[in-house]
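Student: Dropping a structure here in structure tokens format, bear with me for questions.
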Amino acid sequence: MNKEIHFPKNFWWGAATSGPQSEGTFEKANENVMDYWFRTKPEDFFNGVGPTVASDFYHHYKEDLGLLKQIGFNSFRTSIQWSRLIKDLETGEPDTQGITFYKNVIAEAKKLGIELVMNLHHFDIPVHLLQKYGGWESKHVVDLFVKFARVAFEEFGQDIKYWTTFNEPMVIPEAGYLYGFHYPKYIGKGKEAVQVMYNINLASAKTIALYKSMNLPGQIGIILNLTPAYPRSDSEEDLNASHFADDFFNRSFLDPAVKGKFPETLVKVLEKDNVLWDSTEEEMEIIYHNTVDFLGVNYYHPKRVKAQEHPEKYINPWNPDKYFEEYEWPEARMNPYRGWEIYPRALYDIAKNIQDNYGNIPWFISENGMGVEGEEKYKDTNGNIQDDYRIEFYKEHLAWLAKAIEEGSSCFGYHTWTALDCWSWNNAYKNRYGFISIDLETQKRNIKKSGYWYKKVSENNGFLY
Ligand code: BGP
């Protein structure tokens, strides 16, 4: 083939991680929901490994940021843990050790010339707020989140130019209230899921309003996992199913974030089924007036959907599965380790959708990656993992992204998941995603083949494909 794949000037090359998945729980002021889940039920985690040490970024941040520089990063996303920054969750009184840690990280990134994107919530609500108020079901928690954001903006707002309010907010109702794979692990709590979805949208808008009122020298956005819902066929039933899945899982956050309002088709269905969120006109105004400056898009795999054959099973209690069903597309190419479909073309479809329907708002890929189990078997004699499969995965995705940019998409960067192998919610260290491997016994870091490859891509702002 040997086509030149090229990206615009100043394109972001980097990766994302999150505080709770990389720092370890050292010296934290409070426990977040994952810390608590692990402490009380370690058997839920792969090989019984929890977030206690994670990649020990807390102690290794200098070395780690140096490694990122070495493999060509010009930008990097991580998150501030609410449970680390804030000591008193009600008053918002900060923890001095927490402030010092994040200040050090920010100063180091600055020294290296790495643009830091700082996210405020990565599934890591302090567990106390879940136990006392029901977490994101509560509007009081929305206001406590804004208090936390204020501390972050006051302390770090002069240095951080790119903020994001939430990472993959849809995962909170989806995984925590509908399908039970994140704590509090509820299954089928549809009405609560809808309220959580609304409250988080409100929290994001209120945080944006606060940020704008503080006249800080930066921008604020949100990170959404966009999962295109491809219908099984062109039949009206399958098309309706894909429309609903898109409304519920993508547009429920994308529309308020960019357009300031929820999709009318979604509101109608929820109203008809009597599960619409509790809201006030004043809140809707806040959402309307506080949209994002830019968007981050996490993409891993698409959804393949068809009409639901047994809607009656999902009426009482109400569940969005009433309107669609996922199915296995016979032509799907799968990542056998993570069980997710690999479908690079979706990046092009996402870019087109943003271009055509969301005013071509500036956006970047904020996560994209391939989790692989048992990577040690690909080690060469120097201990470096030869992850050619990952390079292939990135090339395929980047080629589609480049095509969209050539056709006018406003995408300004590409961040993978992730930089250094890190701990993950229920899979712990089962699937590794990094450019840099970590030996969990010794904490020794080793750059994988993909890391050296990425350095060249960043230097050349492209690659031959
Ligand atoms: C995204 C999350 C990340 C990360 C990634 C990989 O949804 O934002 O936190 O974990 O998925 O998924 P997993 O670790 O479950 O394989």
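Simple scheme: letters A, B, ... for chains in structure tokens order, numbers from 1 for residues in each chain, numbers from 1 for ligands in the order shown.
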Any chance you could tabulate, as JSON lines, the residues of chain A at most 9 Å from ligand 1 with each one's nearest atom pair and distance in Å to one decimal, using only C-alpha atoms and all ligand atoms, in chain and rising number order?
Tutor:
{"residue": "A:Ala16", "atom": "CA", "partner": "ligand 1", "partner_atom_place_in_ligand_line": "3 (C)", "distance": 8.5}
{"residue": "A:Thr17", "atom": "CA", "partner": "ligand 1", "partner_atom_place_in_ligand_line": "9 (O)", "distance": 7.1}
{"residue": "A:Ser18", "atom": "CA", "partner": "ligand 1", "partner_atom_place_in_ligand_line": "9 (O)", "distance": 6.7}
{"residue": "A:Pro20", "atom": "CA", "partner": "ligand 1", "partner_atom_place_in_ligand_line": "9 (O)", "distance": 8.9}
{"residue": "A:Gln21", "atom": "CA", "partner": "ligand 1", "partner_atom_place_in_ligand_line": "9 (O)", "distance": 7.2}
{"residue": "A:His122", "atom": "CA", "partner": "ligand 1", "partner_atom_place_in_ligand_line": "9 (O)", "distance": 6.9}
{"residue": "A:Phe123", "atom": "CA", "partner": "ligand 1", "partner_atom_place_in_ligand_line": "9 (O)", "distance": 7.9}
{"residue": "A:Asn167", "atom": "CA", "partner": "ligand 1", "partner_atom_place_in_ligand_line": "8 (O)", "distance": 6.2}
{"residue": "A:Glu168", "atom": "CA", "partner": "ligand 1", "partner_atom_place_in_ligand_line": "8 (O)", "distance": 6.1}
{"residue": "A:Val171", "atom": "CA", "partner": "ligand 1", "partner_atom_place_in_ligand_line": "7 (O)", "distance": 7.5}
{"residue": "A:Ile223", "atom": "CA", "partner": "ligand 1", "partner_atom_place_in_ligand_line": "8 (O)", "distance": 8.8}
{"residue": "A:Leu224", "atom": "CA", "partner": "ligand 1", "partner_atom_place_in_ligand_line": "8 (O)", "distance": 9.0}
{"residue": "A:Asn225", "atom": "CA", "partner": "ligand 1", "partner_atom_place_in_ligand_line": "7 (O)", "distance": 7.1}
{"residue": "A:Asn298", "atom": "CA", "partner": "ligand 1", "partner_atom_place_in_ligand_line": "1 (C)", "distance": 7.3}
{"residue": "A:Tyr299", "atom": "CA", "partner": "ligand 1", "partner_atom_place_in_ligand_line": "7 (O)", "distance": 8.4}
{"residue": "A:Tyr300", "atom": "CA", "partner": "ligand 1", "partner_atom_place_in_ligand_line": "11 (O)", "distance": 7.7}
{"residue": "A:Arg338", "atom": "CA", "partner": "ligand 1", "partner_atom_place_in_ligand_line": "16 (O)", "distance": 6.5}
{"residue": "A:Glu367", "atom": "CA", "partner": "ligand 1", "partner_atom_place_in_ligand_line": "8 (O)", "distance": 7.2}
{"residue": "A:Asn368", "atom": "CA", "partner": "ligand 1", "partner_atom_place_in_ligand_line": "5 (C)", "distance": 8.3}
{"residue": "A:Gly369", "atom": "CA", "partner": "ligand 1", "partner_atom_place_in_ligand_line": "6 (C)", "distance": 7.6}
{"residue": "A:Met370", "atom": "CA", "partner": "ligand 1", "partner_atom_place_in_ligand_line": "16 (O)", "distance": 8.1}
{"residue": "A:Gly371", "atom": "CA", "partner": "ligand 1", "partner_atom_place_in_ligand_line": "16 (O)", "distance": 5.9}
{"residue": "A:Val372", "atom": "CA", "partner": "ligand 1", "partner_atom_place_in_ligand_line": "16 (O)", "distance": 8.8}
{"residue": "A:Trp417", "atom": "CA", "partner": "ligand 1", "partner_atom_place_in_ligand_line": "5 (C)", "distance": 6.5}
{"residue": "A:Thr418", "atom": "CA", "partner": "ligand 1", "partner_atom_place_in_ligand_line": "4 (C)", "distance": 8.1}
{"residue": "A:Cys422", "atom": "CA", "partner": "ligand 1", "partner_atom_place_in_ligand_line": "14 (O)", "distance": 8.2}
{"residue": "A:Trp423", "atom": "CA", "partner": "ligand 1", "partner_atom_place_in_ligand_line": "14 (O)", "distance": 7.3}
{"residue": "A:Ser424", "atom": "CA", "partner": "ligand 1", "partner_atom_place_in_ligand_line": "14 (O)", "distance": 4.4}
{"residue": "A:Trp425", "atom": "CA", "partner": "ligand 1", "partner_atom_place_in_ligand_line": "15 (O)", "distance": 6.2}
{"residue": "A:Asn426", "atom": "CA", "partner": "ligand 1", "partner_atom_place_in_ligand_line": "15 (O)", "distance": 6.8}
{"residue": "A:Asn427", "atom": "CA", "partner": "ligand 1", "partner_atom_place_in_ligand_line": "15 (O)", "distance": 6.2}
{"residue": "A:Ala428", "atom": "CA", "partner": "ligand 1", "partner_atom_place_in_ligand_line": "14 (O)", "distance": 7.5}
{"residue": "A:Tyr429", "atom": "CA", "partner": "ligand 1", "partner_atom_place_in_ligand_line": "14 (O)", "distance": 8.2}
{"residue": "A:Lys430", "atom": "CA", "partner": "ligand 1", "partner_atom_place_in_ligand_line": "16 (O)", "distance": 8.2}
{"residue": "A:Asn431", "atom": "CA", "partner": "ligand 1", "partner_atom_place_in_ligand_line": "16 (O)", "distance": 6.0}
{"residue": "A:Arg432", "atom": "CA", "partner": "ligand 1", "partner_atom_place_in_ligand_line": "16 (O)", "distance": 7.9}
{"residue": "A:Tyr433", "atom": "CA", "partner": "ligand 1", "partner_atom_place_in_ligand_line": "6 (C)", "distance": 7.7}
Student: I need the alpha helix (DSSP H) residues of segment 371-426 of chain A per DSSP on the backbone, written as a PyMOL selection string.
Tutor: chain A and resi 388-406
Student: With only C-alpha atoms as the atoms that count, which of A:Arg333, A:Arg251, A:Lys41, A:Lys111 lies nearest to Val267 of chain A?
Tutor: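 Closest to Val267 of chain A of all the choices is A:Arg251.
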Student: Please determine, counting only C-alpha atoms, which residue among A:Leu65, A:Ile71, A:Ala203, A:Val292 has the shortest atom-to-atom distance to Trp136 of chain A.
Tutor: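 Among A:Leu65, A:Ile71, A:Ala203, A:Val292, it is A:Ala203 that comes nearest to Trp136 of chain A.
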Student: I'd like the contact shell of Glu309 of chain A - 9 Å cut-off, only C-alpha atoms, skipping same-chain residues fewer than 4 positions apart - returned as an MDAnalysis selection string.
Tutor: chainID A and resid 322 324:325
Student: Give me, please, the distance in Å between atom CA of Thr96 of chain A and atom CA of Asp35 of chain A, quoted to one decimal.
Tutor: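 Pair atom CA of Thr96 of chain A / atom CA of Asp35 of chain A returns 20.6 Å.
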Student: Taking the chain letters and numbering used in this document, name the residues of segment 110-166 of chain A that DSSP puts in strand (DSSP E or B), as an MDAnalysis selection string.
Tutor: chainID A and resid 115:119 126 162:166
Student: If you count only C-alpha atoms, which residues fall within 12 Å of Asp356 of chain A, apart from same-chain ones fewer than 5 positions away, as an NGL selection string?
Tutor: :A and (349-351 or 361 or 404 or 407-410)
Student: If we count only C-alpha atoms and set the cut-off at 12 Å, which residues sit around Tyr327 of chain A, ignoring sequence neighbours fewer than 3 positions away in its own chain? Please answer as a list of chain:residue names.
Tutor: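 Counting only the stated atoms, we get A:Ala229, A:Tyr230, A:Pro231, A:Arg232, A:Ser233, A:Asp238, A:Ala241, A:Ser242, A:Pro302, A:Lys303, A:Arg304, A:Val305, A:Lys306, A:Ala307, A:Gln308, A:Glu309, A:Phe324, A:Pro330, A:Glu331, A:Ala332, A:Glu341.
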Student: Keeping only C-alpha atoms, take the residues you just selected and write them out as a CSV table (one decimal), in the first residue's frame.
Tutor:
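Saved file result-v4.csv follows:
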chain,number,residue,atom,x,y,z
A,229,ALA,CA,-25.2,1.7,16.9
A,230,TYR,CA,-25.3,-0.1,13.5
A,231,PRO,CA,-28.7,-1.7,12.7
A,232,ARG,CA,-28.9,-5.4,11.6
A,233,SER,CA,-31.0,-4.5,8.5
A,238,ASP,CA,-34.1,-2.5,13.2
A,241,ALA,CA,-33.8,0.0,17.5
A,242,SER,CA,-30.6,1.6,16.3
A,302,PRO,CA,-19.4,-0.3,17.9
A,303,LYS,CA,-22.8,-1.6,19.0
A,304,ARG,CA,-24.7,-4.0,16.6
A,305,VAL,CA,-28.3,-3.8,17.3
A,306,LYS,CA,-31.6,-5.3,16.2
A,307,ALA,CA,-35.2,-4.9,17.2
A,308,GLN,CA,-36.0,-6.3,20.7
A,309,GLU,CA,-38.0,-9.6,20.4
A,324,PHE,CA,-33.3,-2.8,21.2
A,330,PRO,CA,-21.4,-12.5,11.7
A,331,GLU,CA,-18.7,-10.5,9.9
A,332,ALA,CA,-17.3,-8.9,13.1
A,341,GLU,CA,-15.3,-5.9,18.0
Student: Point out the residue among A:Trp37, A:Tyr61, A:Tyr102, A:Phe153 with the least atom-to-atom distance to Lys185 of chain A, counting only C-alpha atoms.
Tutor: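 Selected residue with least distance to Lys185 of chain A: A:Trp37.
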Student: Quick one: residues within 10 Å of Phe11 of chain A, only C-alpha atoms counted, chain neighbours fewer than 2 positions away excluded, as a VMD selection string?
Tutor: chain A and resid 7 to 9 13 to 14 74 to 75 364 411 to 414 458 461 to 462
Student: Please compute the atom CA of Glu406 of chain A-atom CA of Asn360 of chain A distance, one decimal, in Å.
Tutor: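 One can read the atom CA of Glu406 of chain A to atom CA of Asn360 of chain A distance as 13.5 Å.
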Student: Which is closer to Leu67 of chain A than all the others in A:Met214, A:Ala109, A:Val151, A:Ala54, using only C-alpha atoms?
Tutor: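 Of A:Met214, A:Ala109, A:Val151, A:Ala54, the one nearest Leu67 of chain A, counting only C-alpha atoms, is A:Ala109.
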Student: Pick the closest to Lys139 of chain A from A:Leu401, A:Ala257, A:Ile200, A:Val53: which is it, counting only C-alpha atoms?
Tutor: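 Ranking A:Leu401, A:Ala257, A:Ile200, A:Val53 by distance to Lys139 of chain A, first place goes to A:Ile200.
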